[in-house]
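Everything below belongs to upload.cif, which stores mmCIF, C-alpha atoms.
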```cif
data_input
#
loop_
_atom_site.label_atom_id
_atom_site.label_comp_id
_atom_site.auth_asym_id
_atom_site.auth_seq_id
_atom_site.Cartn_x
_atom_site.Cartn_y
_atom_site.Cartn_z
CA MET K 1 114.84 -38.65 -107.77
CA PRO K 2 117.49 -41.28 -107.05
CA VAL K 3 120.48 -40.53 -104.90
CA ARG K 4 123.17 -38.62 -106.80
CA PRO K 5 126.25 -40.89 -106.66
CA ALA K 6 129.46 -39.43 -105.33
CA ALA K 7 131.70 -38.50 -108.26
CA VAL K 8 135.08 -38.02 -106.57
CA ALA K 9 134.90 -40.10 -103.36
CA GLY K 10 137.97 -42.29 -103.11
CA SER K 11 140.05 -39.91 -105.23
CA TRP K 12 139.57 -36.30 -104.15
CA TYR K 13 138.71 -37.39 -100.60
CA PRO K 14 138.64 -40.72 -98.72
CA GLY K 15 135.84 -43.02 -99.78
CA THR K 16 135.22 -44.69 -96.41
CA ALA K 17 133.53 -43.06 -93.43
CA ALA K 18 136.19 -43.92 -90.84
CA VAL K 19 139.11 -42.55 -92.84
CA LEU K 20 137.19 -39.49 -93.98
CA ALA K 21 136.09 -38.73 -90.41
CA ARG K 22 139.69 -38.82 -89.20
CA GLU K 23 140.82 -36.45 -91.93
CA VAL K 24 137.96 -33.97 -91.48
CA ASP K 25 138.33 -34.04 -87.69
CA ARG K 26 142.06 -33.36 -87.94
CA TYR K 27 141.53 -30.29 -90.10
CA VAL K 28 138.75 -29.01 -87.85
CA GLU K 29 140.86 -29.44 -84.71
CA GLN K 30 143.59 -27.33 -86.31
CA ALA K 31 141.17 -24.54 -87.26
CA VAL K 32 140.68 -21.96 -84.51
CA PRO K 33 138.53 -19.11 -85.84
CA ASP K 34 138.45 -16.28 -83.31
CA VAL K 35 135.20 -14.55 -84.28
CA PRO K 36 132.84 -12.81 -81.82
CA ALA K 37 129.46 -14.38 -81.14
CA GLY K 38 126.72 -13.74 -83.64
CA PRO K 39 124.76 -15.52 -86.35
CA VAL K 40 126.60 -16.80 -89.42
CA GLN K 41 124.61 -16.22 -92.62
CA ALA K 42 127.11 -17.47 -95.19
CA ILE K 43 130.55 -18.92 -95.69
CA VAL K 44 133.03 -19.00 -98.55
CA ALA K 45 134.93 -22.29 -98.85
CA PRO K 46 137.23 -23.90 -101.45
CA HIS K 47 136.57 -27.09 -103.38
CA ALA K 48 139.89 -28.71 -104.35
CA GLY K 49 141.05 -32.15 -103.24
CA LEU K 50 140.54 -32.47 -99.50
CA MET K 51 144.24 -32.74 -98.62
CA TYR K 52 144.84 -29.38 -100.33
CA SER K 53 141.79 -27.27 -99.54
CA GLY K 54 140.44 -29.09 -96.48
CA PRO K 55 142.78 -27.32 -94.02
CA VAL K 56 141.30 -24.01 -95.24
CA ALA K 57 137.65 -25.03 -95.59
CA ALA K 58 137.71 -26.34 -92.02
CA TRP K 59 137.99 -22.78 -90.72
CA ALA K 60 134.67 -21.81 -92.30
CA TYR K 61 132.85 -24.98 -91.30
CA ARG K 62 134.08 -24.96 -87.72
CA LEU K 63 132.71 -21.42 -87.35
CA ALA K 64 129.39 -22.38 -88.98
CA SER K 65 129.02 -25.46 -86.80
CA ARG K 66 128.67 -23.41 -83.62
CA GLU K 67 124.96 -22.88 -84.38
CA PRO K 68 122.03 -24.87 -85.81
CA PHE K 69 120.65 -24.53 -89.34
CA ASP K 70 117.48 -25.68 -91.07
CA VAL K 71 119.06 -25.94 -94.52
CA ALA K 72 122.40 -25.42 -96.26
CA VAL K 73 122.21 -23.83 -99.70
CA LEU K 74 125.29 -24.67 -101.77
CA VAL K 75 126.22 -22.48 -104.74
CA GLY K 76 129.15 -23.45 -106.93
CA PRO K 77 130.45 -23.14 -110.48
CA SER K 78 129.91 -25.68 -113.23
CA HIS K 79 133.34 -26.87 -114.41
CA PHE K 80 132.21 -29.34 -117.07
CA VAL K 81 128.93 -28.14 -118.60
CA ALA K 82 128.31 -24.69 -120.07
CA PHE K 83 124.76 -23.38 -119.86
CA ASP K 84 122.69 -20.29 -119.14
CA GLY K 85 121.37 -19.67 -115.65
CA VAL K 86 121.55 -21.89 -112.58
CA SER K 87 121.11 -25.67 -112.40
CA LEU K 88 119.26 -27.10 -109.41
CA TRP K 89 119.24 -30.70 -108.17
CA PRO K 90 115.59 -30.65 -107.06
CA ASP K 91 115.10 -33.51 -104.60
CA GLY K 92 116.42 -36.88 -103.47
CA ALA K 93 119.87 -36.91 -101.87
CA PHE K 94 123.62 -36.73 -102.49
CA GLU K 95 125.66 -39.81 -101.61
CA THR K 96 128.60 -39.41 -99.19
CA PRO K 97 130.75 -41.87 -97.22
CA PHE K 98 128.82 -40.69 -94.16
CA GLY K 99 125.51 -41.63 -95.75
CA PRO K 100 123.09 -39.74 -98.00
CA VAL K 101 122.62 -36.02 -97.47
CA GLY K 102 119.02 -35.16 -98.27
CA VAL K 103 117.88 -32.36 -100.56
CA ASP K 104 115.28 -29.92 -99.21
CA ALA K 105 112.75 -30.36 -102.02
CA GLY K 106 110.41 -27.68 -100.70
CA CYS K 107 113.11 -25.03 -100.58
CA ALA K 108 114.35 -26.13 -104.00
CA ALA K 109 110.88 -25.81 -105.52
CA ALA K 110 110.46 -22.36 -103.98
CA LEU K 111 113.69 -21.21 -105.65
CA VAL K 112 112.52 -22.47 -109.05
CA ALA K 113 109.30 -20.52 -108.56
CA ALA K 114 111.19 -17.42 -107.44
CA SER K 115 113.34 -16.91 -110.55
CA PRO K 116 113.40 -18.12 -114.15
CA VAL K 117 117.21 -18.33 -114.05
CA ILE K 118 116.94 -21.36 -111.73
CA GLN K 119 115.97 -24.60 -113.44
CA PRO K 120 116.02 -28.28 -112.35
CA LEU K 121 118.85 -29.65 -114.50
CA PRO K 122 120.21 -32.63 -112.56
CA ALA K 123 122.39 -33.93 -115.41
CA VAL K 124 124.72 -30.95 -114.94
CA HIS K 125 125.54 -32.18 -111.42
CA ARG K 126 126.67 -35.71 -112.29
CA ARG K 127 130.43 -35.07 -112.64
CA GLU K 128 130.69 -31.78 -110.77
CA HIS K 129 132.93 -31.58 -107.69
CA SER K 130 132.41 -27.98 -106.53
CA LEU K 131 129.42 -28.87 -104.34
CA GLU K 132 130.45 -32.42 -103.52
CA MET K 133 133.66 -31.17 -101.88
CA GLN K 134 131.54 -29.29 -99.30
CA LEU K 135 129.73 -32.44 -98.19
CA PRO K 136 132.45 -34.09 -96.06
CA PHE K 137 132.36 -31.06 -93.75
CA LEU K 138 128.59 -30.55 -93.87
CA ALA K 139 127.77 -34.20 -93.21
CA ARG K 140 130.32 -34.44 -90.41
CA LEU K 141 129.75 -31.12 -88.63
CA LEU K 142 126.09 -30.41 -89.45
CA PRO K 143 124.59 -33.92 -89.65
CA GLY K 144 120.96 -34.10 -90.69
CA VAL K 145 120.88 -30.63 -92.25
CA PRO K 146 119.40 -30.91 -95.77
CA ILE K 147 120.97 -29.16 -98.72
CA VAL K 148 119.87 -27.25 -101.81
CA PRO K 149 122.50 -27.82 -104.55
CA LEU K 150 122.89 -25.02 -107.13
CA LEU K 151 125.42 -24.79 -109.96
CA MET K 152 125.96 -21.57 -111.91
CA GLY K 153 126.64 -21.86 -115.64
CA TYR K 154 127.75 -18.75 -117.49
CA GLN K 155 128.74 -16.31 -114.75
CA VAL K 156 127.13 -13.16 -116.08
CA PRO K 157 125.97 -10.21 -113.95
CA ASP K 158 122.24 -10.76 -114.55
CA THR K 159 122.48 -14.37 -113.33
CA MET K 160 124.53 -13.43 -110.27
CA ARG K 161 122.07 -10.72 -109.23
CA ALA K 162 118.96 -12.77 -110.00
CA LEU K 163 120.20 -15.74 -108.00
CA GLY K 164 121.16 -13.56 -105.05
CA ASP K 165 117.75 -11.92 -105.03
CA ALA K 166 115.92 -15.25 -105.30
CA LEU K 167 117.93 -16.71 -102.43
CA ALA K 168 117.14 -13.72 -100.24
CA SER K 169 113.43 -13.93 -101.04
CA VAL K 170 113.06 -17.66 -100.43
CA LEU K 171 115.30 -17.89 -97.34
CA GLU K 172 113.79 -14.96 -95.47
CA GLY K 173 112.79 -16.18 -92.01
CA ARG K 174 114.63 -19.49 -92.35
CA ARG K 175 117.81 -20.42 -90.50
CA ALA K 176 119.80 -21.09 -93.66
CA LEU K 177 123.54 -21.42 -94.20
CA LEU K 178 124.62 -20.12 -97.59
CA VAL K 179 127.82 -21.69 -98.95
CA ALA K 180 129.77 -20.10 -101.82
CA SER K 181 132.12 -22.71 -103.26
CA THR K 182 135.17 -21.22 -104.96
CA ASP K 183 138.89 -21.54 -105.40
CA LEU K 184 140.89 -18.41 -106.19
CA SER K 185 143.66 -17.98 -108.79
CA HIS K 186 144.98 -21.05 -110.62
CA TYR K 187 148.52 -22.12 -111.55
CA HIS K 188 150.52 -18.96 -110.96
CA ASP K 189 153.61 -18.84 -108.78
CA ALA K 190 152.74 -18.26 -105.13
CA ARG K 191 153.77 -14.61 -105.08
CA THR K 192 151.68 -13.78 -108.14
CA ALA K 193 148.78 -15.82 -106.78
CA TRP K 194 148.81 -13.89 -103.51
CA ARG K 195 148.90 -10.58 -105.38
CA MET K 196 145.83 -11.61 -107.40
CA ASP K 197 144.00 -13.31 -104.55
CA SER K 198 144.47 -10.42 -102.16
CA GLN K 199 142.34 -8.23 -104.43
CA VAL K 200 139.40 -10.63 -104.11
CA ILE K 201 140.02 -11.10 -100.40
CA GLU K 202 139.96 -7.37 -99.74
CA ILE K 203 136.65 -6.97 -101.59
CA ILE K 204 135.10 -9.81 -99.59
CA ARG K 205 136.48 -8.27 -96.40
CA ARG K 206 134.67 -5.04 -97.34
CA PHE K 207 131.50 -7.10 -98.00
CA ASP K 208 130.94 -5.45 -101.37
CA ALA K 209 129.19 -7.79 -103.80
CA GLU K 210 128.98 -5.23 -106.60
CA ALA K 211 132.70 -4.47 -106.35
CA LEU K 212 133.43 -8.18 -106.66
CA LEU K 213 131.15 -8.40 -109.68
CA ASP K 214 133.06 -5.51 -111.28
CA GLU K 215 136.43 -7.06 -110.45
CA LEU K 216 135.38 -10.37 -112.02
CA GLY K 217 134.30 -8.49 -115.13
CA ARG K 218 137.87 -7.24 -115.48
CA GLN K 219 139.62 -10.38 -114.23
CA PRO K 220 137.32 -13.43 -114.37
CA GLU K 221 140.23 -15.78 -113.70
CA HIS K 222 140.58 -14.43 -110.15
CA ALA K 223 138.02 -16.94 -108.81
CA CYS K 224 136.40 -19.91 -110.56
CA GLY K 225 133.36 -19.53 -108.30
CA GLY K 226 133.30 -15.75 -108.39
CA GLY K 227 129.72 -15.62 -109.66
CA PRO K 228 128.40 -17.91 -106.93
CA THR K 229 130.28 -15.80 -104.38
CA VAL K 230 128.67 -12.59 -105.65
CA ALA K 231 125.22 -14.20 -105.45
CA VAL K 232 125.81 -15.46 -101.91
CA MET K 233 127.19 -12.10 -100.75
CA ARG K 234 124.19 -10.31 -102.25
CA ALA K 235 121.75 -12.71 -100.59
CA ALA K 236 123.50 -12.60 -97.22
CA ALA K 237 123.42 -8.81 -97.16
CA ALA K 238 119.70 -8.77 -98.03
CA LEU K 239 119.07 -11.29 -95.23
CA GLY K 240 120.67 -9.00 -92.66
CA ALA K 241 124.36 -9.92 -92.53
CA ARG K 242 126.51 -6.85 -92.01
CA ASP K 243 130.00 -8.18 -91.27
CA ALA K 244 132.57 -10.12 -93.27
CA VAL K 245 135.60 -11.84 -91.80
CA ILE K 246 138.50 -13.49 -93.56
CA LEU K 247 139.28 -16.68 -91.69
CA LYS K 248 142.13 -18.33 -93.59
CA TYR K 249 144.12 -18.12 -96.81
CA ALA K 250 146.57 -20.69 -98.16
CA ASP K 251 147.67 -22.15 -101.47
CA SER K 252 148.22 -25.66 -102.77
CA GLY K 253 151.97 -25.27 -102.46
CA ASP K 254 151.62 -25.22 -98.68
CA VAL K 255 150.79 -28.92 -99.00
CA SER K 256 152.60 -30.01 -102.18
CA GLY K 257 155.72 -27.91 -101.67
CA ASP K 258 155.49 -26.69 -105.27
CA LYS K 259 155.25 -22.90 -105.15
CA ASP K 260 155.71 -22.42 -108.90
CA ALA K 261 152.11 -23.23 -109.92
CA VAL K 262 149.59 -22.97 -107.10
CA VAL K 263 145.84 -22.68 -106.54
CA GLY K 264 144.65 -20.19 -103.93
CA TYR K 265 142.16 -21.15 -101.22
CA LEU K 266 140.04 -18.89 -99.01
CA ALA K 267 137.75 -19.39 -96.03
CA ALA K 268 135.51 -16.46 -95.08
CA ALA K 269 132.27 -15.85 -93.22
CA LEU K 270 129.43 -13.36 -93.52
CA GLY K 271 127.11 -12.62 -90.64
CA THR K 272 126.41 -10.27 -87.76
CA PHE K 273 129.17 -10.54 -85.23
CA GLY K 274 129.38 -8.70 -81.93
CA GLY K 275 132.39 -6.42 -81.66
CA GLU K 276 135.37 -6.37 -83.99
CA PRO K 277 136.08 -9.73 -85.67
CA THR K 278 139.60 -11.05 -85.84
CA ALA K 279 140.96 -13.24 -88.59
CA GLU K 280 143.79 -15.56 -89.46
CA GLY K 281 145.28 -14.85 -92.88
CA ARG K 282 148.57 -15.14 -94.64
#
```
Reformat the file's structure so that it appears as structure tokens.
Amino acid sequence: MPVRPAAVAGSWYPGTAAVLAREVDRYVEQAVPDVPAGPVQAIVAPHAGLMYSGPVAAWAYRLASREPFDVAVLVGPSHFVAFDGVSLWPDGAFETPFGPVGVDAGCAAALVAASPVIQPLPAVHRREHSLEMQLPFLARLLPGVPIVPLLMGYQVPDTMRALGDALASVLEGRRALLVASTDLSHYHDARTAWRMDSQVIEIIRRFDAEALLDELGRQPEHACGGGPTVAVMRAAAALGARDAVILKYADSGDVSGDKDAVVGYLAAALGTFGGEPTAEGR
């Protein structure tokens, strides 16, 4: 397949390599995750404009960058196209200001074979930003690591569970980084946003994918990428992760100054960490 053109470079994040590198590096330098040694299986990272969510996402990517990976599997929500199941971009590459990021076609094909909910539907990816916003950090901090891009359509329990199980089956024995792309609550005042977001954060801290699935059934607006997060949590647990750590929480008002209508952002990590992890939160 041809390279998937960047959809939001130059608007949601800088469109030139030099400027983008300076911005990413600045956010990473300010992120200081204090997490005991141990393998990282998955991260949760936001996907808003880089100036808003980048200072939070950097916490997750700085932690992940302390070890090597064979592949990064990105799971995000589809904001523009409604469909059943999960859309896969099967091969080729994604364009970034740092150069193309290749797709692991073999891993992608194995996922299609593993579950009927996963289908190669590249058209769904053309406008979508939820995966693209992970690429500035991946390309900068984990250069050369190929990706598998997955977008979830209708976020129903059967799809969440099926995707999680397929990921666990295909990634067994591989050094894979799972990335759940999600923002939290949208356009509430900051106090209300924190009250809503803290419910999701506490469930992730407990590493309870089924509890998050139940919470989203009651309050789907708590996280736009809630379904992808459930799938990634389920897969990470099946692959051996036992610990969850909350790395950073913030909202868009921390950058804009407008605390009347904010979007919540979370960075978290799932893995097996020695000792008791510490975290930086609100």
### Query
For the file shown, what are the residues hit by the PyMOL selection byres ((chain K and resi 224-229) around 10), laid out as a PyMOL selection string?
chain K and resi 42-47+74-79+86+130+150-157+159-161+163-164+178-186+200+204+209+212-213+215-217+220-223+230-235
### Chain and number of each residue from the PyMOL selection byres ((chain K and resi 56) around 7), as a VMD selection string
chain K and resid 53 to 55 57 to 59 248 to 250 265 to 267
#### Entry: Shell around segment 134-141 of chain K at 7 Å using only C-alpha atoms, local window under 6 positions removed, as a ChimeraX atom specification
/K:24,47,61,65,98,101
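For the structure shown here, the set of residues caught by the PyMOL selection byres ((chain K and resi 8-13) around 8) is Ala6, Ala7, Pro14, Gly15, Thr16, Leu20, Ala48, Gly49, Leu50, Met51, Thr96, Pro97, His129 and Glu132 of chain K.
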#### Entry: Straight-line distance linking atom CA of Gln41 of chain K with atom CA of Gly271 of chain K, stated in Å to one decimal
4.8 Å
### Task
Compile the contact shell of segment 103-114 of chain K as a PyMOL selection string: residues with an atom at most 8 Å away, counting only C-alpha atoms, same-chain residues fewer than 4 positions apart removed.
chain K and resi 71+88-94+118-120+146-149+166-167+169-170
### Task
Can you work out which one of K:Ala31, K:Val81, K:Val19, K:Ala237 has the shortest atom-to-atom distance to Ala168 of chain K, counting all atoms listed in the file?
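Among the listed residues, K:Ala237 lies closest to Ala168 of chain K.
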Could you write segment 34-59 of chain K of the block just shown to a file containing N, CA and C atoms, as a PDB file, in the first residue's frame?
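result-v4.pdb, written as the output of this step:
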```pdb
ATOM      1  N   ASP K  34       8.879   8.096  37.823  1.00  0.00           N
ATOM      2  CA  ASP K  34       9.655   7.379  38.837  1.00  0.00           C
ATOM      3  C   ASP K  34       9.008   6.014  39.044  1.00  0.00           C
ATOM      4  N   VAL K  35       9.352   5.077  38.166  1.00  0.00           N
ATOM      5  CA  VAL K  35       8.746   3.749  38.168  1.00  0.00           C
ATOM      6  C   VAL K  35       9.853   2.713  38.271  1.00  0.00           C
ATOM      7  N   PRO K  36       9.745   1.747  39.192  1.00  0.00           N
ATOM      8  CA  PRO K  36      10.799   0.738  39.339  1.00  0.00           C
ATOM      9  C   PRO K  36      11.059  -0.019  38.050  1.00  0.00           C
ATOM     10  N   ALA K  37      12.241  -0.579  37.944  1.00  0.00           N
ATOM     11  CA  ALA K  37      12.629  -1.325  36.747  1.00  0.00           C
ATOM     12  C   ALA K  37      11.682  -2.491  36.506  1.00  0.00           C
ATOM     13  N   GLY K  38      11.490  -2.794  35.248  1.00  0.00           N
ATOM     14  CA  GLY K  38      10.631  -3.905  34.866  1.00  0.00           C
ATOM     15  C   GLY K  38      10.049  -3.649  33.495  1.00  0.00           C
ATOM     16  N   PRO K  39       9.660  -4.698  32.786  1.00  0.00           N
ATOM     17  CA  PRO K  39       9.181  -4.534  31.415  1.00  0.00           C
ATOM     18  C   PRO K  39       7.845  -3.805  31.342  1.00  0.00           C
ATOM     19  N   VAL K  40       7.750  -2.883  30.389  1.00  0.00           N
ATOM     20  CA  VAL K  40       6.507  -2.187  30.084  1.00  0.00           C
ATOM     21  C   VAL K  40       5.788  -2.958  28.987  1.00  0.00           C
ATOM     22  N   GLN K  41       4.536  -3.341  29.242  1.00  0.00           N
ATOM     23  CA  GLN K  41       3.755  -4.062  28.242  1.00  0.00           C
ATOM     24  C   GLN K  41       2.857  -3.129  27.453  1.00  0.00           C
ATOM     25  N   ALA K  42       2.371  -2.064  28.106  1.00  0.00           N
ATOM     26  CA  ALA K  42       1.395  -1.192  27.458  1.00  0.00           C
ATOM     27  C   ALA K  42       1.438   0.189  28.090  1.00  0.00           C
ATOM     28  N   ILE K  43       0.994   1.172  27.312  1.00  0.00           N
ATOM     29  CA  ILE K  43       0.822   2.514  27.838  1.00  0.00           C
ATOM     30  C   ILE K  43      -0.545   3.040  27.413  1.00  0.00           C
ATOM     31  N   VAL K  44      -1.039   3.996  28.176  1.00  0.00           N
ATOM     32  CA  VAL K  44      -2.224   4.765  27.829  1.00  0.00           C
ATOM     33  C   VAL K  44      -1.748   6.192  27.602  1.00  0.00           C
ATOM     34  N   ALA K  45      -2.115   6.785  26.456  1.00  0.00           N
ATOM     35  CA  ALA K  45      -1.648   8.127  26.115  1.00  0.00           C
ATOM     36  C   ALA K  45      -2.757   8.888  25.412  1.00  0.00           C
ATOM     37  N   PRO K  46      -2.810  10.212  25.589  1.00  0.00           N
ATOM     38  CA  PRO K  46      -3.858  11.022  24.954  1.00  0.00           C
ATOM     39  C   PRO K  46      -3.535  11.350  23.504  1.00  0.00           C
ATOM     40  N   HIS K  47      -4.508  11.969  22.823  1.00  0.00           N
ATOM     41  CA  HIS K  47      -4.330  12.207  21.390  1.00  0.00           C
ATOM     42  C   HIS K  47      -4.851  13.564  20.938  1.00  0.00           C
ATOM     43  N   ALA K  48      -4.834  14.570  21.796  1.00  0.00           N
ATOM     44  CA  ALA K  48      -5.246  15.917  21.390  1.00  0.00           C
ATOM     45  C   ALA K  48      -4.087  16.617  20.699  1.00  0.00           C
ATOM     46  N   GLY K  49      -4.283  17.902  20.346  1.00  0.00           N
ATOM     47  CA  GLY K  49      -3.196  18.671  19.777  1.00  0.00           C
ATOM     48  C   GLY K  49      -1.971  18.606  20.665  1.00  0.00           C
ATOM     49  N   LEU K  50      -0.794  18.570  20.060  1.00  0.00           N
ATOM     50  CA  LEU K  50       0.426  18.276  20.807  1.00  0.00           C
ATOM     51  C   LEU K  50       0.678  19.270  21.935  1.00  0.00           C
ATOM     52  N   MET K  51       0.366  20.543  21.742  1.00  0.00           N
ATOM     53  CA  MET K  51       0.631  21.523  22.786  1.00  0.00           C
ATOM     54  C   MET K  51      -0.228  21.269  24.019  1.00  0.00           C
ATOM     55  N   TYR K  52      -1.371  20.608  23.846  1.00  0.00           N
ATOM     56  CA  TYR K  52      -2.264  20.328  24.965  1.00  0.00           C
ATOM     57  C   TYR K  52      -1.965  18.987  25.624  1.00  0.00           C
ATOM     58  N   SER K  53      -1.896  17.930  24.820  1.00  0.00           N
ATOM     59  CA  SER K  53      -1.744  16.597  25.399  1.00  0.00           C
ATOM     60  C   SER K  53      -0.306  16.100  25.413  1.00  0.00           C
ATOM     61  N   GLY K  54       0.573  16.746  24.634  1.00  0.00           N
ATOM     62  CA  GLY K  54       1.961  16.299  24.592  1.00  0.00           C
ATOM     63  C   GLY K  54       2.658  16.281  25.935  1.00  0.00           C
ATOM     64  N   PRO K  55       2.452  17.305  26.802  1.00  0.00           N
ATOM     65  CA  PRO K  55       3.115  17.266  28.110  1.00  0.00           C
ATOM     66  C   PRO K  55       2.686  16.085  28.971  1.00  0.00           C
ATOM     67  N   VAL K  56       1.530  15.495  28.698  1.00  0.00           N
ATOM     68  CA  VAL K  56       1.076  14.307  29.425  1.00  0.00           C
ATOM     69  C   VAL K  56       1.571  13.037  28.735  1.00  0.00           C
ATOM     70  N   ALA K  57       1.376  12.950  27.424  1.00  0.00           N
ATOM     71  CA  ALA K  57       1.813  11.757  26.691  1.00  0.00           C
ATOM     72  C   ALA K  57       3.298  11.486  26.882  1.00  0.00           C
ATOM     73  N   ALA K  58       4.083  12.536  27.027  1.00  0.00           N
ATOM     74  CA  ALA K  58       5.534  12.368  27.182  1.00  0.00           C
ATOM     75  C   ALA K  58       5.893  11.496  28.366  1.00  0.00           C
ATOM     76  N   TRP K  59       5.087  11.524  29.414  1.00  0.00           N
ATOM     77  CA  TRP K  59       5.369  10.681  30.586  1.00  0.00           C
ATOM     78  C   TRP K  59       5.319   9.195  30.221  1.00  0.00           C
TER      79      TRP K  59
END
```
